[in-house]
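Source file: my_file07.csv; contents: CSV, C-alpha atoms and all ligand atoms.
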chain,number,residue,atom,x,y,z
A,1242,MET,CA,21.9,-3.8,-1.4
A,1243,THR,CA,21.9,-3.3,-5.2
A,1244,ASN,CA,22.1,-0.4,-7.7
A,1245,PRO,CA,19.1,-0.7,-10.0
A,1246,ILE,CA,20.3,2.5,-11.8
A,1247,ASP,CA,23.2,4.9,-11.3
A,1248,GLY,CA,22.9,7.0,-8.2
A,1249,VAL,CA,20.1,4.8,-6.7
A,1250,SER,CA,20.6,2.1,-4.1
A,1251,ARG,CA,17.9,-0.4,-3.2
A,1252,ILE,CA,18.0,-1.3,0.5
A,1253,GLU,CA,15.9,-4.4,1.3
A,1254,VAL,CA,14.4,-4.0,4.8
A,1255,PRO,CA,12.8,-6.8,6.7
A,1256,THR,CA,9.2,-6.5,7.8
A,1257,PRO,CA,7.1,-8.6,10.2
A,1258,PHE,CA,4.5,-9.2,7.5
A,1259,PRO,CA,3.9,-12.2,5.2
A,1260,VAL,CA,5.0,-10.1,2.3
A,1261,GLY,CA,8.7,-10.3,3.5
A,1262,SER,CA,11.0,-7.5,3.0
A,1263,MET,CA,10.2,-4.0,1.6
A,1264,ASN,CA,12.4,-1.7,-0.5
A,1265,CYS,CA,13.8,1.7,0.5
A,1266,TYR,CA,15.6,3.5,-2.3
A,1267,LEU,CA,18.5,5.9,-1.5
A,1268,ILE,CA,19.0,8.6,-4.2
A,1269,GLU,CA,22.4,10.1,-3.9
A,1270,GLY,CA,23.3,13.7,-4.6
A,1271,SER,CA,21.6,16.8,-3.3
A,1272,PRO,CA,19.3,16.7,-1.4
A,1273,LEU,CA,20.1,13.2,-0.2
A,1274,THR,CA,16.8,11.5,-0.6
A,1275,LEU,CA,15.2,8.3,0.8
A,1276,ILE,CA,12.1,6.8,-0.8
A,1277,ASP,CA,10.1,5.1,2.1
A,1278,THR,CA,11.6,4.0,5.4
A,1279,GLY,CA,10.5,0.5,6.5
A,1280,PRO,CA,8.6,-0.3,9.7
A,1281,LYS,CA,9.8,0.7,13.2
A,1282,THR,CA,11.4,-2.5,14.3
A,1283,ALA,CA,14.9,-3.1,15.7
A,1284,GLU,CA,15.7,-5.3,12.7
A,1285,SER,CA,14.7,-2.8,10.1
A,1286,LEU,CA,16.6,0.0,11.9
A,1287,ALA,CA,19.8,-2.1,12.0
A,1288,THR,CA,19.5,-3.0,8.3
A,1289,ILE,CA,19.0,0.6,7.2
A,1290,LYS,CA,21.9,1.9,9.4
A,1291,GLN,CA,24.2,-0.8,8.1
A,1292,ALA,CA,23.3,-0.1,4.4
A,1293,LEU,CA,23.8,3.6,4.9
A,1294,LEU,CA,27.1,3.0,6.6
A,1295,LYS,CA,28.4,1.0,3.6
A,1296,LEU,CA,27.8,4.1,1.5
A,1297,SER,CA,29.5,6.3,4.2
A,1298,TYR,CA,26.2,7.9,5.4
A,1299,ASP,CA,24.3,7.9,8.6
A,1300,MET,CA,20.6,8.5,9.3
A,1301,SER,CA,21.1,12.2,10.0
A,1302,ASP,CA,22.5,12.8,6.5
A,1303,ILE,CA,19.1,12.1,4.9
A,1304,GLU,CA,17.7,15.5,3.9
A,1305,GLN,CA,14.4,14.5,2.3
A,1306,ILE,CA,12.1,11.5,2.6
A,1307,LEU,CA,9.5,10.8,-0.1
A,1308,ILE,CA,6.8,8.4,1.0
A,1309,THR,CA,5.0,6.4,-1.6
A,1310,HIS,CA,1.9,5.7,0.6
A,1311,GLY,CA,0.9,5.7,4.3
A,1312,HIS,CA,1.2,2.0,5.2
A,1313,LEU,CA,3.3,1.2,8.2
A,1314,ASP,CA,5.9,-0.9,6.5
A,1315,HIS,CA,6.7,2.2,4.4
A,1316,ILE,CA,6.6,4.9,7.0
A,1317,GLY,CA,7.3,3.4,10.4
A,1318,LEU,CA,10.9,4.7,10.8
A,1319,ALA,CA,10.3,8.2,9.4
A,1320,ALA,CA,10.2,9.8,12.9
A,1321,GLN,CA,13.5,8.4,13.8
A,1322,PHE,CA,15.2,9.9,10.7
A,1323,VAL,CA,13.6,13.3,11.6
A,1324,ARG,CA,14.9,13.2,15.1
A,1325,GLU,CA,18.4,12.1,14.2
A,1326,ARG,CA,18.8,14.9,11.7
A,1327,GLU,CA,17.4,17.5,14.2
A,1328,ARG,CA,19.8,16.2,16.9
A,1329,ILE,CA,22.9,16.4,14.7
A,1330,HIS,CA,22.2,19.2,12.3
A,1331,GLY,CA,19.5,21.3,14.2
A,1332,SER,CA,16.9,21.0,11.5
A,1333,PRO,CA,14.6,18.0,10.8
A,1334,THR,CA,14.5,15.9,7.7
A,1335,GLU,CA,11.7,17.0,5.3
A,1336,VAL,CA,9.2,14.2,5.0
A,1337,TRP,CA,6.6,14.3,2.2
A,1338,ILE,CA,3.4,12.3,1.7
A,1339,HIS,CA,0.3,12.8,-0.6
A,1340,ASN,CA,-2.5,14.7,1.2
A,1341,ARG,CA,-4.9,11.7,1.1
A,1342,ASP,CA,-2.6,9.6,3.2
A,1343,ALA,CA,-1.2,12.4,5.3
A,1344,ILE,CA,-3.2,11.5,8.4
A,1345,ALA,CA,-1.6,8.1,8.6
A,1346,LEU,CA,1.8,9.8,9.0
A,1347,ILE,CA,0.9,13.0,10.8
A,1348,ASN,CA,-1.6,11.6,13.3
A,1349,TYR,CA,-1.5,7.8,13.2
A,1350,GLU,CA,-3.5,7.4,16.5
A,1351,GLU,CA,-6.5,9.0,14.9
A,1352,HIS,CA,-6.0,7.1,11.7
A,1353,ALA,CA,-5.8,3.8,13.6
A,1354,GLU,CA,-9.2,4.5,15.3
A,1355,LEU,CA,-10.9,5.0,11.9
A,1356,TYR,CA,-9.1,1.9,10.5
A,1357,MET,CA,-10.4,-0.2,13.5
A,1358,GLU,CA,-14.0,1.0,12.9
A,1359,SER,CA,-13.8,-0.1,9.2
A,1360,PHE,CA,-12.2,-3.4,10.2
A,1361,VAL,CA,-15.0,-4.2,12.7
A,1362,ARG,CA,-17.7,-3.2,10.3
A,1363,LEU,CA,-16.2,-5.4,7.6
A,1364,ILE,CA,-16.2,-8.5,9.9
A,1365,GLU,CA,-19.8,-7.7,11.1
A,1366,THR,CA,-21.3,-7.3,7.7
A,1367,SER,CA,-19.6,-10.3,6.1
A,1368,GLY,CA,-21.3,-13.2,7.8
A,1369,VAL,CA,-18.1,-14.7,9.2
A,1370,PRO,CA,-18.7,-17.9,11.1
A,1371,LYS,CA,-18.2,-17.5,14.9
A,1372,ASN,CA,-15.1,-19.8,14.9
A,1373,ASP,CA,-13.2,-17.7,12.5
A,1374,ALA,CA,-14.4,-14.3,13.9
A,1375,GLN,CA,-13.2,-15.3,17.4
A,1376,LYS,CA,-9.6,-15.7,16.1
A,1377,LEU,CA,-9.6,-12.1,15.2
A,1378,ASP,CA,-8.7,-9.5,17.9
A,1379,PRO,CA,-8.9,-6.0,16.3
A,1380,LYS,CA,-7.8,-4.3,19.5
A,1381,ARG,CA,-4.6,-6.4,19.8
A,1382,LEU,CA,-3.9,-5.9,16.1
A,1383,ILE,CA,-4.2,-2.1,16.3
A,1384,ASP,CA,-2.0,-2.0,19.4
A,1385,TYR,CA,0.6,-4.0,17.5
A,1386,TYR,CA,0.3,-1.6,14.5
A,1387,LEU,CA,0.8,1.3,16.8
A,1388,SER,CA,4.0,-0.2,18.2
A,1389,ILE,CA,5.8,-0.5,14.8
A,1390,ARG,CA,5.2,3.0,13.6
A,1391,GLU,CA,5.3,6.6,14.9
A,1392,SER,CA,3.6,9.8,13.9
A,1393,VAL,CA,5.6,12.6,12.2
A,1394,PRO,CA,3.7,15.8,13.1
A,1395,THR,CA,6.1,17.9,11.0
A,1396,ALA,CA,5.5,15.8,7.8
A,1397,ARG,CA,4.2,17.9,4.8
A,1398,SER,CA,1.7,16.9,2.3
A,1399,PHE,CA,1.6,17.4,-1.5
A,1400,LYS,CA,-0.9,16.9,-4.3
A,1401,ASP,CA,-0.9,15.2,-7.7
A,1402,LYS,CA,1.9,16.2,-10.0
A,1403,ASP,CA,3.9,18.1,-7.4
A,1404,CYS,CA,7.7,17.9,-8.1
A,1405,PHE,CA,10.8,17.3,-6.0
A,1406,LYS,CA,14.4,18.0,-6.7
A,1407,THR,CA,16.7,15.0,-6.3
A,1408,GLY,CA,20.2,13.9,-7.3
A,1409,ILE,CA,19.0,12.0,-10.3
A,1410,GLY,CA,16.8,14.8,-11.7
A,1411,GLU,CA,13.4,16.2,-11.0
A,1412,ILE,CA,10.8,13.7,-9.7
A,1413,THR,CA,7.0,14.1,-10.2
A,1414,ALA,CA,4.5,12.6,-7.8
A,1415,VAL,CA,1.8,10.9,-9.9
A,1416,TRP,CA,-1.3,10.2,-7.8
A,1417,VAL,CA,-2.4,6.6,-8.2
A,1418,PRO,CA,-5.2,5.9,-5.6
A,1419,GLY,CA,-6.2,2.3,-5.0
A,1420,HIS,CA,-3.7,0.4,-2.8
A,1421,SER,CA,-4.3,3.4,-0.5
A,1422,SER,CA,-6.2,6.6,-1.2
A,1423,GLY,CA,-3.0,8.6,-1.2
A,1424,SER,CA,-0.7,6.2,-3.1
A,1425,VAL,CA,1.7,7.8,-5.5
A,1426,CYS,CA,4.4,6.8,-8.0
A,1427,TYR,CA,7.4,9.0,-8.1
A,1428,VAL,CA,8.4,9.4,-11.7
A,1429,CYS,CA,11.8,10.6,-12.9
A,1430,ASP,CA,11.4,11.3,-16.7
A,1431,GLU,CA,15.1,12.2,-17.1
A,1432,GLN,CA,16.2,8.7,-16.0
A,1433,GLN,CA,13.0,6.9,-17.2
A,1434,VAL,CA,12.4,5.4,-13.8
A,1435,ILE,CA,9.3,5.0,-11.6
A,1436,PHE,CA,9.4,4.4,-7.9
A,1437,SER,CA,6.1,2.6,-7.9
A,1438,GLY,CA,5.5,1.9,-4.2
A,1439,ASP,CA,2.9,-0.8,-3.9
A,1440,HIS,CA,1.0,0.3,-7.0
A,1441,ILE,CA,2.6,-2.3,-9.2
A,1442,LEU,CA,4.6,-5.1,-7.8
A,1443,GLY,CA,6.5,-7.7,-9.9
A,1444,ASP,CA,5.0,-11.0,-8.8
A,1445,ILE,CA,2.5,-10.4,-6.1
A,1446,SER,CA,-0.9,-8.6,-5.9
A,1447,SER,CA,-1.1,-5.0,-4.8
A,1448,ASN,CA,-4.0,-5.7,-2.6
A,1449,PRO,CA,-6.1,-2.8,-3.8
A,1450,SER,CA,-8.9,-3.4,-1.2
A,1451,ILE,CA,-6.6,-3.4,1.9
A,1452,SER,CA,-7.8,0.0,3.2
A,1453,PHE,CA,-11.4,-1.4,3.2
A,1454,ASP,CA,-13.0,2.0,3.5
A,1455,SER,CA,-16.2,1.7,1.5
A,1456,SER,CA,-17.1,5.3,2.0
A,1457,LYS,CA,-14.4,6.2,-0.6
A,1458,GLY,CA,-16.0,4.1,-3.4
A,1459,ILE,CA,-14.8,0.8,-4.7
A,1460,SER,CA,-11.1,0.9,-4.2
A,1461,MET,CA,-10.4,-2.1,-6.6
A,1462,LEU,CA,-12.1,-0.1,-9.4
A,1463,THR,CA,-10.1,3.0,-8.5
A,1464,TYR,CA,-7.0,0.9,-8.5
A,1465,LEU,CA,-7.6,-0.5,-12.0
A,1466,GLU,CA,-8.2,3.0,-13.3
A,1467,SER,CA,-5.0,4.2,-11.7
A,1468,LEU,CA,-3.0,1.6,-13.7
A,1469,ASN,CA,-3.7,3.8,-16.7
A,1470,TYR,CA,-1.7,6.7,-15.2
A,1471,ILE,CA,1.6,4.9,-15.6
A,1472,SER,CA,0.9,2.6,-18.6
A,1473,SER,CA,2.1,5.2,-21.1
A,1474,ARG,CA,5.6,5.0,-19.6
A,1475,GLU,CA,6.2,1.5,-20.9
A,1476,ASP,CA,9.9,2.0,-21.6
A,1477,TYR,CA,10.6,3.0,-18.0
A,1478,ILE,CA,11.9,0.7,-15.2
A,1479,ALA,CA,9.6,0.4,-12.2
A,1480,LEU,CA,11.3,0.1,-8.8
A,1481,PRO,CA,8.6,-1.3,-6.5
A,1482,GLY,CA,8.0,-1.2,-2.8
A,1483,HIS,CA,8.5,-5.0,-2.5
A,1484,ARG,CA,10.6,-7.5,-4.6
A,1485,ASN,CA,12.5,-6.9,-7.8
A,1486,PRO,CA,12.5,-4.2,-10.4
A,1487,ILE,CA,10.0,-4.5,-13.2
A,1488,PHE,CA,11.4,-4.1,-16.7
A,1489,ASP,CA,8.2,-4.6,-18.7
A,1490,ILE,CA,5.6,-2.4,-17.1
A,1491,LYS,CA,3.1,-2.9,-20.0
A,1492,SER,CA,3.1,-6.7,-19.7
A,1493,ARG,CA,2.8,-6.5,-15.9
A,1494,ILE,CA,-0.2,-4.2,-16.1
A,1495,GLU,CA,-1.8,-6.5,-18.7
A,1496,ALA,CA,-1.2,-9.5,-16.4
A,1497,LEU,CA,-2.8,-7.7,-13.5
A,1498,ARG,CA,-5.9,-6.8,-15.5
A,1499,THR,CA,-6.3,-10.4,-16.6
A,1500,GLU,CA,-5.9,-11.6,-13.0
A,1501,TYR,CA,-8.8,-9.3,-11.8
A,1502,ASP,CA,-11.0,-10.2,-14.8
A,1503,ASP,CA,-10.5,-13.9,-13.9
A,1504,LYS,CA,-11.6,-13.2,-10.3
A,1505,PHE,CA,-14.7,-11.3,-11.5
A,1506,GLN,CA,-15.6,-14.1,-13.8
A,1507,LYS,CA,-15.1,-16.8,-11.0
A,1508,ALA,CA,-17.3,-14.8,-8.7
A,1509,ALA,CA,-20.0,-14.1,-11.3
A,1510,ASP,CA,-20.1,-17.8,-12.2
A,1511,SER,CA,-20.7,-18.8,-8.6
A,1512,LEU,CA,-23.8,-16.6,-8.2
A,1513,THR,CA,-27.3,-18.2,-8.1
A,1514,SER,CA,-30.7,-17.2,-6.8
A,1515,ASN,CA,-29.6,-18.5,-3.4
A,1516,PRO,CA,-28.1,-15.7,-1.3
A,1517,GLN,CA,-24.5,-16.2,-0.3
A,1518,THR,CA,-22.7,-14.0,2.2
A,1519,ALA,CA,-19.6,-12.0,1.4
A,1520,TYR,CA,-17.7,-14.6,3.5
A,1521,GLU,CA,-19.0,-17.4,1.4
A,1522,LEU,CA,-18.1,-15.6,-1.8
A,1523,SER,CA,-14.6,-15.1,-0.4
A,1524,ARG,CA,-14.3,-18.9,0.0
A,1525,THR,CA,-15.4,-19.4,-3.6
A,1526,ILE,CA,-12.9,-16.9,-5.0
A,1527,TYR,CA,-9.9,-17.5,-2.7
A,1528,GLY,CA,-10.5,-21.1,-1.5
A,1529,ASP,CA,-9.1,-22.5,1.7
A,1530,TYR,CA,-7.1,-19.4,3.0
A,1531,ASP,CA,-6.1,-19.2,6.7
A,1532,THR,CA,-7.2,-16.6,9.3
A,1533,ASN,CA,-4.2,-14.3,8.5
A,1534,SER,CA,-5.7,-13.8,5.0
A,1535,LEU,CA,-9.3,-13.5,6.2
A,1536,VAL,CA,-9.6,-9.7,6.4
A,1537,LEU,CA,-8.0,-9.2,3.0
A,1538,ALA,CA,-10.1,-11.9,1.3
A,1539,LEU,CA,-13.3,-10.3,2.8
A,1540,ALA,CA,-12.3,-6.8,1.7
A,1541,GLU,CA,-11.6,-8.0,-1.8
A,1542,SER,CA,-14.9,-9.9,-1.9
A,1543,HIS,CA,-16.8,-6.9,-0.9
A,1544,ASP,CA,-15.2,-4.9,-3.7
A,1545,ILE,CA,-15.9,-7.7,-6.2
A,1546,LEU,CA,-19.5,-8.0,-5.3
A,1547,ARG,CA,-20.1,-4.3,-5.7
A,1548,ILE,CA,-18.3,-4.3,-9.0
A,1549,LEU,CA,-20.6,-7.2,-10.2
A,1550,GLU,CA,-23.6,-5.2,-8.9
A,1551,ASN,CA,-22.4,-2.2,-11.0
A,1552,ARG,CA,-22.2,-4.4,-14.0
A,1553,ASN,CA,-25.8,-5.6,-13.4
A,1554,GLN,CA,-24.5,-9.2,-12.9
A,1555,ALA,CA,-25.3,-9.3,-9.1
A,1556,LYS,CA,-27.8,-8.0,-6.7
A,1557,VAL,CA,-26.6,-7.1,-3.2
A,1558,ILE,CA,-29.1,-7.7,-0.3
A,1559,ASN,CA,-28.7,-6.6,3.3
A,1560,GLN,CA,-30.2,-9.3,5.6
A,1561,ASN,CA,-30.1,-8.2,9.2
A,1562,GLY,CA,-26.9,-6.2,8.7
A,1563,VAL,CA,-25.1,-9.0,6.8
A,1564,ILE,CA,-24.3,-8.4,3.1
A,1565,HIS,CA,-25.6,-11.2,0.8
A,1566,VAL,CA,-25.3,-11.5,-2.9
A,1567,VAL,CA,-27.5,-13.2,-5.6
A,1568,LYS,CA,-27.4,-13.5,-9.3
A,1569,HIS,CA,-29.1,-10.5,-11.0
A,1601,ZN,ZN,1.2,-0.8,1.2
Can you dump the structure from the file as structure tokens?
Amino acid sequence: MTNPIDGVSRIEVPTPFPVGSMNCYLIEGSPLTLIDTGPKTAESLATIKQALLKLSYDMSDIEQILITHGHLDHIGLAAQFVRERERIHGSPTEVWIHNRDAIALINYEEHAELYMESFVRLIETSGVPKNDAQKLDPKRLIDYYLSIRESVPTARSFKDKDCFKTGIGEITAVWVPGHSSGSVCYVCDEQQVIFSGDHILGDISSNPSISFDSSKGISMLTYLESLNYISSREDYIALPGHRNPIFDIKSRIEALRTEYDDKFQKAADSLTSNPQTAYELSRTIYGDYDTNSLVLALAESHDILRILENRNQAKVINQNGVIHVVKH
């Protein structure tokens, strides 16, 4: 546990995902506030309890939970906090999430169904070789996801620019869709700090295509636009959802933009008049990745080929339900 700024403790909580640990932030004062909760695993729960105990708190003391986005490594334990406070103090913890991600917290079972449909559609339309496709078991994956999170039917939703009182000053929720459609950064102007969730991370990608829901537009483009919404606060410290604080927001955003431009260029350079599938394009851009990264690589490739199509650099063709791309 560290104190990135006065009144704020960073609690590093383990997750079962390749990304490693995630960060919860405890904001002391009234109301006692937690930003994100970690997944619902015994290890995460023990870590959070121990960290709170060191500060002389227990789970029931948390009065307000502000969620940066509806992914399970950030929301999984919320229900447990709500129950603990209700049991000890007779009223539940207030849990807040942006309205675009609210379903992931309020009714995760329904959300999981929709996610699974998009997941299966992604695999089917990408031209994934049988060998690779067989290694994926969407049903097992969804069952696992359901086991490490829990719905919070009493959670409340907010919209862009809504404000919250905390012990370090007023916090404004700035809507930054991309990594998820309801991602927010919680901005405290008084302390010049941004709780950036997974919108910007210090040394890893934010995976803007991870929701792979093409009905909501090209999420990678939405993400790149959303980077503008915090770029004016270049003197602030960003406290991200994973890894270390970011002290130079402007350079980080510039580096991210360059990274994406390089991917677009690599993809555009690979196009010929010979149709390649989204799967083949993913191998061109991301090389020899393993099955664990397959879904993410495909989702990003679908976004990239649609971005190239928008720029008139590529033509997308549907051949028997499989997406192919050629040079325009
Ligand atoms: Zn996330």
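Considering the residues A:Leu1267, A:Ala1396, A:Ile1383, A:Leu1307 and counting only C-alpha atoms, Leu1355 of chain A has its shortest atom-to-atom contact with A:Ile1383.
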Nearby polymer residues, ligand ZN 1601 (chain A), at most 7 Å, only C-alpha atoms and all ligand atoms, as JSON, numbers by chain: {"A": [1310, 1312, 1420, 1439]}
Can you write out the residues you just picked, keeping C-alpha atoms, as an mmCIF file, in the coordinates of the input?
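Contents of selection03.cif, freshly written:
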data_model
loop_
_atom_site.group_PDB
_atom_site.id
_atom_site.type_symbol
_atom_site.label_atom_id
_atom_site.label_comp_id
_atom_site.auth_asym_id
_atom_site.auth_seq_id
_atom_site.Cartn_x
_atom_site.Cartn_y
_atom_site.Cartn_z
ATOM 1 C CA HIS A 1310 1.900 5.700 0.600
ATOM 2 C CA HIS A 1312 1.200 2.000 5.200
ATOM 3 C CA HIS A 1420 -3.700 0.400 -2.800
ATOM 4 C CA ASP A 1439 2.900 -0.800 -3.900
#
Contact residues around segment 1287-1303 of chain A with all atoms listed in the file at 9 Å, ignoring same-chain residues under 3 positions, as a ChimeraX atom specification: /A:1242,1252-1255,1265,1267,1272-1275,1278-1279,1282-1284,1306,1321-1330,1333-1335
Could you write out the selected residues, including C-alpha atoms, as a PDB file, in the frame of the given file?
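And here is the file that came out, result-v1.pdb:
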ATOM      1  CA  MET A1242      21.900  -3.800  -1.400  1.00  0.00           C
ATOM      2  CA  ILE A1252      18.000  -1.300   0.500  1.00  0.00           C
ATOM      3  CA  GLU A1253      15.900  -4.400   1.300  1.00  0.00           C
ATOM      4  CA  VAL A1254      14.400  -4.000   4.800  1.00  0.00           C
ATOM      5  CA  PRO A1255      12.800  -6.800   6.700  1.00  0.00           C
ATOM      6  CA  CYS A1265      13.800   1.700   0.500  1.00  0.00           C
ATOM      7  CA  LEU A1267      18.500   5.900  -1.500  1.00  0.00           C
ATOM      8  CA  PRO A1272      19.300  16.700  -1.400  1.00  0.00           C
ATOM      9  CA  LEU A1273      20.100  13.200  -0.200  1.00  0.00           C
ATOM     10  CA  THR A1274      16.800  11.500  -0.600  1.00  0.00           C
ATOM     11  CA  LEU A1275      15.200   8.300   0.800  1.00  0.00           C
ATOM     12  CA  THR A1278      11.600   4.000   5.400  1.00  0.00           C
ATOM     13  CA  GLY A1279      10.500   0.500   6.500  1.00  0.00           C
ATOM     14  CA  THR A1282      11.400  -2.500  14.300  1.00  0.00           C
ATOM     15  CA  ALA A1283      14.900  -3.100  15.700  1.00  0.00           C
ATOM     16  CA  GLU A1284      15.700  -5.300  12.700  1.00  0.00           C
ATOM     17  CA  ILE A1306      12.100  11.500   2.600  1.00  0.00           C
ATOM     18  CA  GLN A1321      13.500   8.400  13.800  1.00  0.00           C
ATOM     19  CA  PHE A1322      15.200   9.900  10.700  1.00  0.00           C
ATOM     20  CA  VAL A1323      13.600  13.300  11.600  1.00  0.00           C
ATOM     21  CA  ARG A1324      14.900  13.200  15.100  1.00  0.00           C
ATOM     22  CA  GLU A1325      18.400  12.100  14.200  1.00  0.00           C
ATOM     23  CA  ARG A1326      18.800  14.900  11.700  1.00  0.00           C
ATOM     24  CA  GLU A1327      17.400  17.500  14.200  1.00  0.00           C
ATOM     25  CA  ARG A1328      19.800  16.200  16.900  1.00  0.00           C
ATOM     26  CA  ILE A1329      22.900  16.400  14.700  1.00  0.00           C
ATOM     27  CA  HIS A1330      22.200  19.200  12.300  1.00  0.00           C
ATOM     28  CA  PRO A1333      14.600  18.000  10.800  1.00  0.00           C
ATOM     29  CA  THR A1334      14.500  15.900   7.700  1.00  0.00           C
ATOM     30  CA  GLU A1335      11.700  17.000   5.300  1.00  0.00           C
TER      31      GLU A1335
END
Leu1377 of chain A surroundings by all atoms listed in the file, 12 Å radius, close-in-sequence under 2 positions cut, as number ranges by chain: A: 1360-1361, 1364-1365, 1369-1375, 1379-1383, 1531-1536
Selection near Leu1346 of chain A, 9 Å with all atoms listed in the file, sequence-local residues under 4 positions removed, as an MDAnalysis selection string: chainID A and resid 1311:1313 1316:1317 1319 1338 1342 1352 1390:1394 1396
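Across the structure, atom CA of Ser1437 of chain A and atom CA of Pro1481 of chain A are spaced 4.8 Å apart.
All residues of protein, DNA or RNA that reach within 10 Å of Gln1432 of chain A, judged by all atoms listed in the file and not counting those fewer than 5 positions away in the chain, are Ile1246, Asp1247, Ile1409, Gly1410, Glu1411, Ile1412, Tyr1477 and Ile1478 of chain A.
Of the listed residues (A:Asn1485, A:Thr1395, A:Asn1553, A:Thr1309), A:Thr1395 comes nearest to Asn1348 of chain A; the distances count only C-alpha atoms.
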Residue list as a ChimeraX atom specification for point (-5.2, 1.0, -4.0), cut-off 10 Å, all atoms listed in the file: /A:1310,1417-1425,1439-1441,1447-1453,1459-1468
File output for segment 1493-1507 of chain A (N, CA and C atoms) as a compact mmCIF listing (two decimals), in the first residue's frame:
# COMPACT_ATOMS: atom_id res chain seq x y z
N ARG A 1493 2.34 10.62 -22.13
CA ARG A 1493 1.73 9.29 -22.21
C ARG A 1493 0.70 9.25 -23.33
N ILE A 1494 -0.10 10.31 -23.43
CA ILE A 1494 -1.13 10.36 -24.47
C ILE A 1494 -0.48 10.42 -25.85
N GLU A 1495 0.59 11.21 -25.95
CA GLU A 1495 1.31 11.27 -27.25
C GLU A 1495 1.86 9.90 -27.63
N ALA A 1496 2.43 9.19 -26.64
CA ALA A 1496 2.99 7.86 -26.91
C ALA A 1496 1.89 6.89 -27.37
N LEU A 1497 0.72 6.99 -26.72
CA LEU A 1497 -0.39 6.11 -27.09
C LEU A 1497 -0.84 6.38 -28.53
N ARG A 1498 -0.94 7.65 -28.88
CA ARG A 1498 -1.37 8.00 -30.25
C ARG A 1498 -0.37 7.45 -31.28
N THR A 1499 0.93 7.59 -30.97
CA THR A 1499 1.96 7.08 -31.88
C THR A 1499 1.84 5.56 -32.04
N GLU A 1500 1.62 4.89 -30.91
CA GLU A 1500 1.47 3.43 -30.92
C GLU A 1500 0.34 3.01 -31.88
N TYR A 1501 -0.79 3.69 -31.78
CA TYR A 1501 -1.92 3.33 -32.65
C TYR A 1501 -1.64 3.69 -34.10
N ASP A 1502 -1.02 4.85 -34.34
CA ASP A 1502 -0.69 5.23 -35.72
C ASP A 1502 0.23 4.17 -36.35
N ASP A 1503 1.18 3.66 -35.55
CA ASP A 1503 2.09 2.63 -36.07
C ASP A 1503 1.32 1.36 -36.45
N LYS A 1504 0.34 0.99 -35.61
CA LYS A 1504 -0.47 -0.20 -35.92
C LYS A 1504 -1.26 0.01 -37.21
N PHE A 1505 -1.84 1.21 -37.37
CA PHE A 1505 -2.63 1.49 -38.57
C PHE A 1505 -1.73 1.39 -39.81
N GLN A 1506 -0.51 1.93 -39.69
CA GLN A 1506 0.42 1.93 -40.81
C GLN A 1506 0.81 0.50 -41.17
N LYS A 1507 1.13 -0.29 -40.15
CA LYS A 1507 1.55 -1.68 -40.38
C LYS A 1507 0.44 -2.45 -41.09
